[in-house]
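A.B. asks: First the structure, then my questions, so here it is.
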Amino acid sequence: MAEQHNPMLSLRGLTRRFGGLTAVDAIDLDLARGELISIIGPNGAGKTTLFNLVTGLDRPDAGTVRFEGHDITGLSPERLAAEGIARTFQLGRVFGNLSVMDNVLIGAHTRLRAVKPAVPVIGPLLELGLALLRPASVKAEEERLREDVKAILARFGERLLPRIDQPAYSLSYANRRRVEIARALALKPRLLLLDEPTAGMNPTETAEMQVLVAELKAEGLTILLIEHKLEMVMRLSDRVIVMDEGKKIAEGPGEEVRTDPKVIEAYLGHGLSGMTEQESAA
Amino acid sequence: MAGATAPAAFPYPSGDQRLSSWLDYTINGLIVGNVYALVAVGLALIFGVSRLINFAQGSIYLVGAYIGWVAVVQLHTPLPLTIIVVAAAAALVGLIIERFGLRPLQNSVRIAPLLATIGISFVLDQLVMLTFSPNPRALPSQLPDVRFQLGGGTIGPLDLLIAGVGITSALLLFVFLRYSKLGWAVRAASQDRDAAMQMGVDVNRVNQAVFGIAAALGGVSGMLVGMYYNQIDTAMSLQATLKGVVAEVVGGAGNVPGAVIGSLLLGLVESYGVAVFGTSYRNLFAFLLLVVVLVLRPNGLFASARQAPPEPLTGTFIAPSRPVRIPRWALAVAAAGFAVLPFFPVSFYVLQTLINAWLLGMLALSLTLVAGTVGQVSLGHAALLAIGAYTSALLSLTLAVPVGLAVIGGGLMSAALGTLLISPSFRLRGHYVSIATLAIGEIVSLVILNWESVTRGPIGISGIPPLSLFGHDLISPSSVYWFSLAVMVVLALLQGRLLTSHLGRSFRAIRDDDIAARAYGLSLNRYKSLAFIFGGFAAGVSGGIAAHLYSYINHETFNTQQSILALTVVILGGLGNVVGAILGSVALVGLPEVFRIAAEYRILIYGIVLLLLVRFRPQGLLGTI
């Protein structure tokens with residue numbers, strides 16, 4: 001448990017209530033650098049709400065989020081993006097009218113330097129001026145990012161590169177998910193949160209996605225993954241956390257968790273997305 | 001609403017009586033609040049079921065007032081029958097709006113119903129104006145003119161009638177929602193439309209019921225206000241929409257009891273505000289209340305501070321489309337063609353028309369950036385013209401700044417002040433942005449009217465020097481033509497360059513999904529500000545040039561009709577489309593001239609064009625960018 005002393009992400013007592021419902025209930029979690037933790041649990045267990053709390057899209061009612069030793073509880077999503085936290089969305093939130101290239105370039109927004117001088121007060125006006133004048137440094141930066149985007153898209157084989165100038169609304173569902181992941185990678189994240197990256201994908205596509213996530217992990221990226229497909233979870237995860245009704249009901253290596261009676265009860269007891277069914281499918 | 005139509009007739013006691021009249025102000029505030037409630041409850045019902053702010057609600061109120069006038073003055077109906085006739089006729093209008101205006105758009109992008117109710121509102125207002133003429137009419141109260149003593153104040157039968165109608169409607173509505181089957185369906189649909197549909201609720205019937213009820217209440221309210229002030233005119237419509245929306249938003253959009261309380265609060269705030277500062281500030285209080293609530297509690301005063309976050313907005317705000325690509329050489333040829341036009345024997349009339357098109361084109365460039373590229377559908381864009389015009393006029397008149405520089409000053413002031421004023425609405429979405437911009441536009445116009453020491457108030461500014469460049473006056477039509485064409489082309493080129501920069505994609509990303517945009521580090525405040533700064537400059541320059549061309553401006557020179565015209569231009573050309581904005585301007589300024597359409601029908605035609613576009617070609621002529 002050496003890594004526990006210096007976790008990259010550390011949640012303590014994180015709680016979020018909606019009216020009478022406690023969507024996230026006193027969750028503790030430590031994610032070490034380079035680790036991949038999967039969060040599983042029945043629908044409505046609070047997994048996505050937990051992601052929203054970590055990425056600043058929602059604020060906790062209690063508890064703290066620490067990232068690289070700093071308290072980041074309640075910071076805005078744009079600040080957290082600048083800190084190097086990137087996420088994908090469960091329902092797929094690509095920018096429909098933007099091309100694939102532009103979608104992924106938005107992911108690289110926090111890496112813009114030349115065109116976004118860090119000057120207080122008049123910084124935004126300088127940004128406007130530089131965007132219109134485009135001196136060589138700005139052009140070079142844009143060119144570099146475009147090359148980066150192409151390299152990222154190449155990781156998806158021939159899925160996205162041929163469609164680089166097509167608007168995202170014209171893409172297939174699976175390709176939109178890929179664009180989302182490419183956009184997250186363009187941020188050069190220190191921490192990547194993937195919310196059901198294979199939702200709606202067929203077995204071939206799921207297998208491709210599993211290979212990609214395994215590569216990212218092998219490259220040393222720290223990943224928090226929400227996933228329903230247990231076979232993928234078991235293959236990829238260092239540890240698995242099981243949530244039910246907002247609470248963490250089990251935590252540990254995949255094999256240990258999958259035989260935990262509490263976990264089986266949580267899935268079967270709620271009659272949702274049966275774990276045994278998925279297991280037998282896997 | 002009526003404060004603007006007949007301030008003099010308003011039954012407020014004069015200053016000496018102030019101390020003894022607080023009760024009067026309170027009663028008056030509650031009565032006026034009751035009227036607002038009739039409008040606001042309808043808005044809240046509609047919002048609850050359709051997540052739609054019905055900008056046509058004020059038009060139904062207007063229609064109700066005029067039907068009341070026909071019933072009372074021409075048909076001599078007794079009061080109970082008048083109320084029934086007005087309620088029935090207004091409900092019919094509401095049903096027609098729902099069936100033909102909104103139901104076809106059920107599966108459209110979210111901007112479509114918003115634009116449709118704006119278009120419907122303008123069509124209805126213009127139809128009323130064309131039928132009854134824009135002159136005010138007297139709508140006599142059918143009640144005896146006596147006043148009863150009540151504590152330190154007085155109360156008349158009409159006050160009691162308004163209170164009675166308000167309370168009765170609230171009770172009837174409560175019983176309907178609580179105990180009737182259709183009422184249950186309405187409540188179910190407003191909690192979760194999809195779930196209600198799956199449980200077999202006929203959402204179309206629910207919508208019909210809601211629009212019918214809302215329209216009946218709105219119509220009766222218009223009639224009562226007409227009787228209260230004994231005067232009706234077509235300006236009532238926009239005022240009613242604004243007040244109803246303010247009351248609804250203050251109470252919490254979609255919250256029916258909240259709308260009633262918000263209305264009473266609005267009535268009281270206005271009444272006390274008028275007591276202290278005078279009638280000309282009445283609307284200012286309403287809009288300031290709106291802006292304060294939107295900034296501090298955008299979910300309304302009675303929303304719990306910590307609600308579940310809104311369901312993810314996965315649908316796109318604007319219609320996806322592939323823009324028509326026009327080759328650069330074709331644009332260059334077109335620009336050159338227009339540039340050499342004055343060398344040909346064209347009439348002054350043609351040049352004048354095209355100058356108007358270029359000025360509108362600058363405004364449309366501004367609006368297409370703000371509404372199209374960033375997705376902030378502004379309904380107060382004429383305020384940017386006004387700021388630019390007043391700044392440029394005052395700079396050249398009082399500080400003797402050369403006109404060329406004064407126009408640039410107007411653009412800069414419009415960019416700075418416009419952005420500052422609109423900034424409270426940066427955290428808002430969709431319909432709320434439109435309300436806030438509409439209100440801010442009204443605030444600007446009211447400030448211009450009331451800040452006499454600077455703006456010369458209602459007298460306006462006359463004797464504004466003509467356009468000049470480097471000391472040479474631009475008097476001839478062709479020089480003015482060239483000047484405005486050149487300015488517009490430069491602004492268009494700059495905007496085109498902006499769209500191809502990282503700012504262009506950032507703006508469009510914020511429009512398509514502001515939550516995802518924030519998650520990738522895009523600050524909404526920063527980028528919406530930059531868009532308004534850039535767009536504000538173009539609009540301010542347009543207003544500045546206009547001031548020097550007209551040589552006289554006042555607080556009514558730049559009005560909501562221009563904002564709507566610009567919006568129609570932008571939709572016609574394609575949202576965010578620079579070339580489309582210019583093409584749309586030439587088409588909407590030029591075609592009515594070509595077909596010699598009388599001025600009073602033009603707004604009607606703009607409204608109809610807007611409705612047809614939203615329905616049949618939402619991407620406009622050249623496509624959304």
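Chain identifiers are assigned as A, B, and so on, following the order in which chains appear in the structure tokens; residues are numbered from 1 within each chain, and ligands are numbered from 1 in order of appearance.
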What lies within 9 Å of region 560-577 of chain B using only C-alpha atoms, ignoring chain neighbours under 3 positions off, as a PyMOL selection string?

C.D. replies: chain B and resi 115+118-119+122+318+323+360-361+363-365+367-375+377-383+438+441-442+496+580-588+603+606-607+609-610+613-614+617-625

A.B. asks: With only C-alpha atoms as the counted atoms, please give the residues lying no more than 8 Å from region 77-94 of chain A, apart from itself and same-chain residues fewer than 4 positions off, as a PDB file with N, CA and C atoms, in the first residue's frame.

C.D. replies:
```pdb
ATOM      1  N   THR A  48     -21.921   8.436 -12.009  1.00  0.00           N
ATOM      2  CA  THR A  48     -21.725   9.640 -12.818  1.00  0.00           C
ATOM      3  C   THR A  48     -21.735  10.887 -11.944  1.00  0.00           C
ATOM      4  N   THR A  55     -14.966  16.411 -11.275  1.00  0.00           N
ATOM      5  CA  THR A  55     -14.579  17.297 -12.370  1.00  0.00           C
ATOM      6  C   THR A  55     -15.166  18.696 -12.246  1.00  0.00           C
ATOM      7  N   GLY A  56     -15.838  18.982 -11.140  1.00  0.00           N
ATOM      8  CA  GLY A  56     -16.281  20.352 -10.894  1.00  0.00           C
ATOM      9  C   GLY A  56     -17.596  20.719 -11.544  1.00  0.00           C
ATOM     10  N   LEU A  57     -18.261  19.776 -12.212  1.00  0.00           N
ATOM     11  CA  LEU A  57     -19.549  20.108 -12.815  1.00  0.00           C
ATOM     12  C   LEU A  57     -20.652  20.161 -11.763  1.00  0.00           C
ATOM     13  N   ILE A  72      -8.995  20.511  -4.207  1.00  0.00           N
ATOM     14  CA  ILE A  72      -9.660  21.078  -5.397  1.00  0.00           C
ATOM     15  C   ILE A  72     -11.175  21.024  -5.256  1.00  0.00           C
ATOM     16  N   ASN A 103     -13.384  19.464 -32.869  1.00  0.00           N
ATOM     17  CA  ASN A 103     -13.766  18.847 -31.593  1.00  0.00           C
ATOM     18  C   ASN A 103     -12.531  18.498 -30.773  1.00  0.00           C
ATOM     19  N   THR A 110      -6.670  23.957 -23.300  1.00  0.00           N
ATOM     20  CA  THR A 110      -5.891  24.380 -22.126  1.00  0.00           C
ATOM     21  C   THR A 110      -4.396  24.405 -22.425  1.00  0.00           C
ATOM     22  N   ALA A 168     -19.346  16.507 -36.468  1.00  0.00           N
ATOM     23  CA  ALA A 168     -19.519  15.380 -35.544  1.00  0.00           C
ATOM     24  C   ALA A 168     -20.933  14.822 -35.589  1.00  0.00           C
ATOM     25  N   ARG A 176     -18.624   8.844 -32.361  1.00  0.00           N
ATOM     26  CA  ARG A 176     -18.726  10.003 -31.458  1.00  0.00           C
ATOM     27  C   ARG A 176     -18.049   9.709 -30.132  1.00  0.00           C
ATOM     28  N   ARG A 177     -18.222   8.468 -29.649  1.00  0.00           N
ATOM     29  CA  ARG A 177     -17.533   8.106 -28.401  1.00  0.00           C
ATOM     30  C   ARG A 177     -16.018   8.214 -28.584  1.00  0.00           C
ATOM     31  N   VAL A 179     -14.460  10.177 -30.688  1.00  0.00           N
ATOM     32  CA  VAL A 179     -14.082  11.597 -30.739  1.00  0.00           C
ATOM     33  C   VAL A 179     -13.968  12.153 -29.321  1.00  0.00           C
ATOM     34  N   GLU A 180     -14.893  11.725 -28.462  1.00  0.00           N
ATOM     35  CA  GLU A 180     -14.827  12.199 -27.075  1.00  0.00           C
ATOM     36  C   GLU A 180     -13.532  11.795 -26.402  1.00  0.00           C
ATOM     37  N   ILE A 181     -13.128  10.557 -26.652  1.00  0.00           N
ATOM     38  CA  ILE A 181     -11.895  10.090 -26.007  1.00  0.00           C
ATOM     39  C   ILE A 181     -10.693  10.803 -26.618  1.00  0.00           C
ATOM     40  N   ALA A 184     -10.451  14.096 -25.061  1.00  0.00           N
ATOM     41  CA  ALA A 184      -9.875  14.028 -23.713  1.00  0.00           C
ATOM     42  C   ALA A 184      -8.357  13.843 -23.778  1.00  0.00           C
ATOM     43  N   LEU A 185      -7.891  13.033 -24.736  1.00  0.00           N
ATOM     44  CA  LEU A 185      -6.451  12.795 -24.836  1.00  0.00           C
ATOM     45  C   LEU A 185      -5.713  14.050 -25.284  1.00  0.00           C
ATOM     46  N   LEU A 187      -6.076  16.901 -24.344  1.00  0.00           N
ATOM     47  CA  LEU A 187      -5.781  17.761 -23.188  1.00  0.00           C
ATOM     48  C   LEU A 187      -4.441  17.379 -22.556  1.00  0.00           C
ATOM     49  N   LYS A 188      -3.879  16.242 -22.989  1.00  0.00           N
ATOM     50  CA  LYS A 188      -2.698  15.658 -22.336  1.00  0.00           C
ATOM     51  C   LYS A 188      -2.958  15.527 -20.837  1.00  0.00           C
ATOM     52  N   PRO A 189      -3.982  14.738 -20.479  1.00  0.00           N
ATOM     53  CA  PRO A 189      -4.437  14.738 -19.087  1.00  0.00           C
ATOM     54  C   PRO A 189      -3.453  14.035 -18.157  1.00  0.00           C
ATOM     55  N   ARG A 190      -3.448  14.473 -16.906  1.00  0.00           N
ATOM     56  CA  ARG A 190      -2.745  13.737 -15.866  1.00  0.00           C
ATOM     57  C   ARG A 190      -3.695  12.704 -15.265  1.00  0.00           C
ATOM     58  N   LEU A 191      -4.979  13.042 -15.267  1.00  0.00           N
ATOM     59  CA  LEU A 191      -6.001  12.124 -14.767  1.00  0.00           C
ATOM     60  C   LEU A 191      -7.121  12.073 -15.798  1.00  0.00           C
ATOM     61  N   LEU A 192      -7.488  10.843 -16.176  1.00  0.00           N
ATOM     62  CA  LEU A 192      -8.525  10.688 -17.199  1.00  0.00           C
ATOM     63  C   LEU A 192      -9.715   9.958 -16.593  1.00  0.00           C
ATOM     64  N   LEU A 193     -10.897  10.528 -16.737  1.00  0.00           N
ATOM     65  CA  LEU A 193     -12.108   9.883 -16.243  1.00  0.00           C
ATOM     66  C   LEU A 193     -12.947   9.463 -17.442  1.00  0.00           C
ATOM     67  N   LEU A 194     -13.189   8.167 -17.556  1.00  0.00           N
ATOM     68  CA  LEU A 194     -13.952   7.647 -18.687  1.00  0.00           C
ATOM     69  C   LEU A 194     -15.298   7.141 -18.174  1.00  0.00           C
ATOM     70  N   ASP A 195     -16.391   7.754 -18.670  1.00  0.00           N
ATOM     71  CA  ASP A 195     -17.724   7.360 -18.218  1.00  0.00           C
ATOM     72  C   ASP A 195     -18.355   6.460 -19.274  1.00  0.00           C
ATOM     73  N   GLU A 196     -18.317   5.165 -19.034  1.00  0.00           N
ATOM     74  CA  GLU A 196     -18.866   4.162 -19.946  1.00  0.00           C
ATOM     75  C   GLU A 196     -18.423   4.368 -21.391  1.00  0.00           C
ATOM     76  N   PRO A 197     -17.116   4.233 -21.635  1.00  0.00           N
ATOM     77  CA  PRO A 197     -16.621   4.495 -22.996  1.00  0.00           C
ATOM     78  C   PRO A 197     -17.158   3.519 -24.033  1.00  0.00           C
ATOM     79  N   ALA A 199     -20.324   2.214 -24.028  1.00  0.00           N
ATOM     80  CA  ALA A 199     -21.787   2.154 -24.068  1.00  0.00           C
ATOM     81  C   ALA A 199     -22.254   2.189 -25.513  1.00  0.00           C
TER      82      ALA A 199
ATOM     83  N   THR B 314     -28.690  17.071 -24.386  1.00  0.00           N
ATOM     84  CA  THR B 314     -27.930  16.392 -25.422  1.00  0.00           C
ATOM     85  C   THR B 314     -28.332  16.851 -26.814  1.00  0.00           C
ATOM     86  N   ASP B 513     -22.446  22.859 -26.787  1.00  0.00           N
ATOM     87  CA  ASP B 513     -22.556  22.173 -25.504  1.00  0.00           C
ATOM     88  C   ASP B 513     -21.698  22.921 -24.484  1.00  0.00           C
ATOM     89  N   ALA B 516     -19.816  20.582 -21.819  1.00  0.00           N
ATOM     90  CA  ALA B 516     -18.598  19.937 -22.319  1.00  0.00           C
ATOM     91  C   ALA B 516     -17.510  20.989 -22.540  1.00  0.00           C
ATOM     92  N   ARG B 518     -16.987  23.749 -20.901  1.00  0.00           N
ATOM     93  CA  ARG B 518     -16.370  24.108 -19.619  1.00  0.00           C
ATOM     94  C   ARG B 518     -15.446  23.003 -19.140  1.00  0.00           C
ATOM     95  N   ALA B 519     -15.875  21.754 -19.339  1.00  0.00           N
ATOM     96  CA  ALA B 519     -15.051  20.633 -18.893  1.00  0.00           C
ATOM     97  C   ALA B 519     -13.724  20.597 -19.645  1.00  0.00           C
ATOM     98  N   TYR B 520     -13.618  21.290 -20.764  1.00  0.00           N
ATOM     99  CA  TYR B 520     -12.344  21.362 -21.483  1.00  0.00           C
ATOM    100  C   TYR B 520     -11.692  22.732 -21.345  1.00  0.00           C
ATOM    101  N   GLY B 521     -12.061  23.450 -20.312  1.00  0.00           N
ATOM    102  CA  GLY B 521     -11.304  24.641 -19.944  1.00  0.00           C
ATOM    103  C   GLY B 521     -11.783  25.933 -20.569  1.00  0.00           C
ATOM    104  N   LEU B 522     -12.917  25.906 -21.276  1.00  0.00           N
ATOM    105  CA  LEU B 522     -13.393  27.147 -21.877  1.00  0.00           C
ATOM    106  C   LEU B 522     -14.249  27.900 -20.862  1.00  0.00           C
ATOM    107  N   SER B 523     -13.792  29.075 -20.476  1.00  0.00           N
ATOM    108  CA  SER B 523     -14.557  29.895 -19.543  1.00  0.00           C
ATOM    109  C   SER B 523     -15.674  30.590 -20.309  1.00  0.00           C
TER     110      SER B 523
END
```

A.B. asks: Would you please give, as a list in words, all residues of region 45-294 of chain B that DSSP assigns to strand (DSSP E) based on the backbone?

C.D. replies: Phe148, Gln149, Leu150, Gly153, Thr154 and Ile155 of chain B

A.B. asks: Using only C-alpha atoms and a cut-off of 10 Å, which residues of chain B sit close to chain A? Please list them as a VMD selection string.

C.D. replies: chain B and resid 304 306 to 309 312 to 322 494 to 506 508 to 524 526 to 527 529 to 531 533 to 534 624 to 625

A.B. asks: If we count only C-alpha atoms, what is near Leu81 (chain B) at a cut-off of 10 Å, once residues fewer than 5 positions away on the same chain are taken out, given as a list of chain:residue names?

C.D. replies: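 The neighbour list is B:Ala71, B:Val72, B:His76, B:Val86, B:Ala87.
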
A.B. asks: May I ask which of the residues B:Leu95, B:Leu139, B:Leu238, B:Leu62 is the closest one to Asn207 (chain B), counting only C-alpha atoms?

C.D. replies: B:Leu95

A.B. asks: Using only C-alpha atoms, which of the listed residues (A:Ala114, A:Glu208, A:Thr198, A:Leu230) sits closest to Arg144 (chain A)?

C.D. replies: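 Comparing A:Ala114, A:Glu208, A:Thr198, A:Leu230 against Arg144 (chain A), the winner is A:Ala114.
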
A.B. asks: What's around Pro140 (chain B) at 12 Å? Count only C-alpha atoms, leave out sequence neighbours fewer than 2 positions away in its own chain, and write the answer as an MDAnalysis selection string.

C.D. replies: chainID B and resid 65:66 68:74 76 79 137:138 142:145 158 223:232

A.B. asks: For Phe558 (chain B), which residue out of B:Val594, B:Leu384, B:Leu612, B:Val39 is the nearest one, using only C-alpha atoms?

C.D. replies: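 Using only C-alpha atoms, Phe558 (chain B) sits closest to B:Leu384.
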
A.B. asks: Using only C-alpha atoms, which residues sit within 12 Å of Gly251 (chain B) once same-chain residues fewer than 4 positions away are excluded, as JSON, numbers by chain?

C.D. replies: {"B": [36, 37, 40, 41, 43, 44, 244, 245, 246, 247, 255, 256, 257, 258, 259, 260, 261, 262, 263, 264, 265, 266, 289, 290, 293, 294, 297, 298, 299, 300, 301, 302, 303, 304]}

A.B. asks: Considering only C-alpha atoms, return as a ChimeraX atom specification whatever protein or nucleic-acid residues lie within 12 Å of region 456-458 of chain B, sequence-local ones (same chain, fewer than 5 positions apart) excluded.

C.D. replies: /B:280,390,393-394,445-451,552-557

A.B. asks: Mind writing the picked residues with C-alpha atoms as a compact mmCIF listing (two decimals), in the first residue's frame?

C.D. replies:
```
# COMPACT_ATOMS: atom_id res chain seq x y z
CA SER B 280 -41.04 57.17 -15.48
CA TYR B 390 -25.57 58.36 -28.70
CA ALA B 393 -23.40 61.92 -31.63
CA LEU B 394 -22.41 63.30 -28.22
CA SER B 445 -33.84 52.75 -23.67
CA LEU B 446 -35.26 53.82 -20.27
CA VAL B 447 -31.92 55.16 -19.12
CA ILE B 448 -31.61 57.17 -22.32
CA LEU B 449 -35.10 58.53 -21.70
CA ASN B 450 -34.48 59.43 -18.06
CA TRP B 451 -30.83 60.53 -17.95
CA TYR B 552 -31.53 63.45 -35.24
CA ILE B 553 -31.95 60.57 -32.80
CA ASN B 554 -34.04 59.93 -29.71
CA HIS B 555 -34.77 57.04 -27.38
CA GLU B 556 -37.17 55.50 -29.88
CA THR B 557 -34.93 55.63 -32.96
```

A.B. asks: DSSP on the backbone, then: every residue of region 238-473 of chain B marked helix (DSSP H, G or I), written as a PyMOL selection string.

C.D. replies: chain B and resi 238-251+256-277+279-296+328-343+348-373+382-398+403-427+430-450+452-455+457-459

A.B. asks: Could you tell me how far CA of Asp244 (chain A) sits from CA of Gly41 (chain A), in Å to one decimal place?

C.D. replies: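 Rounded to one decimal, the two atoms are 5.8 Å apart.
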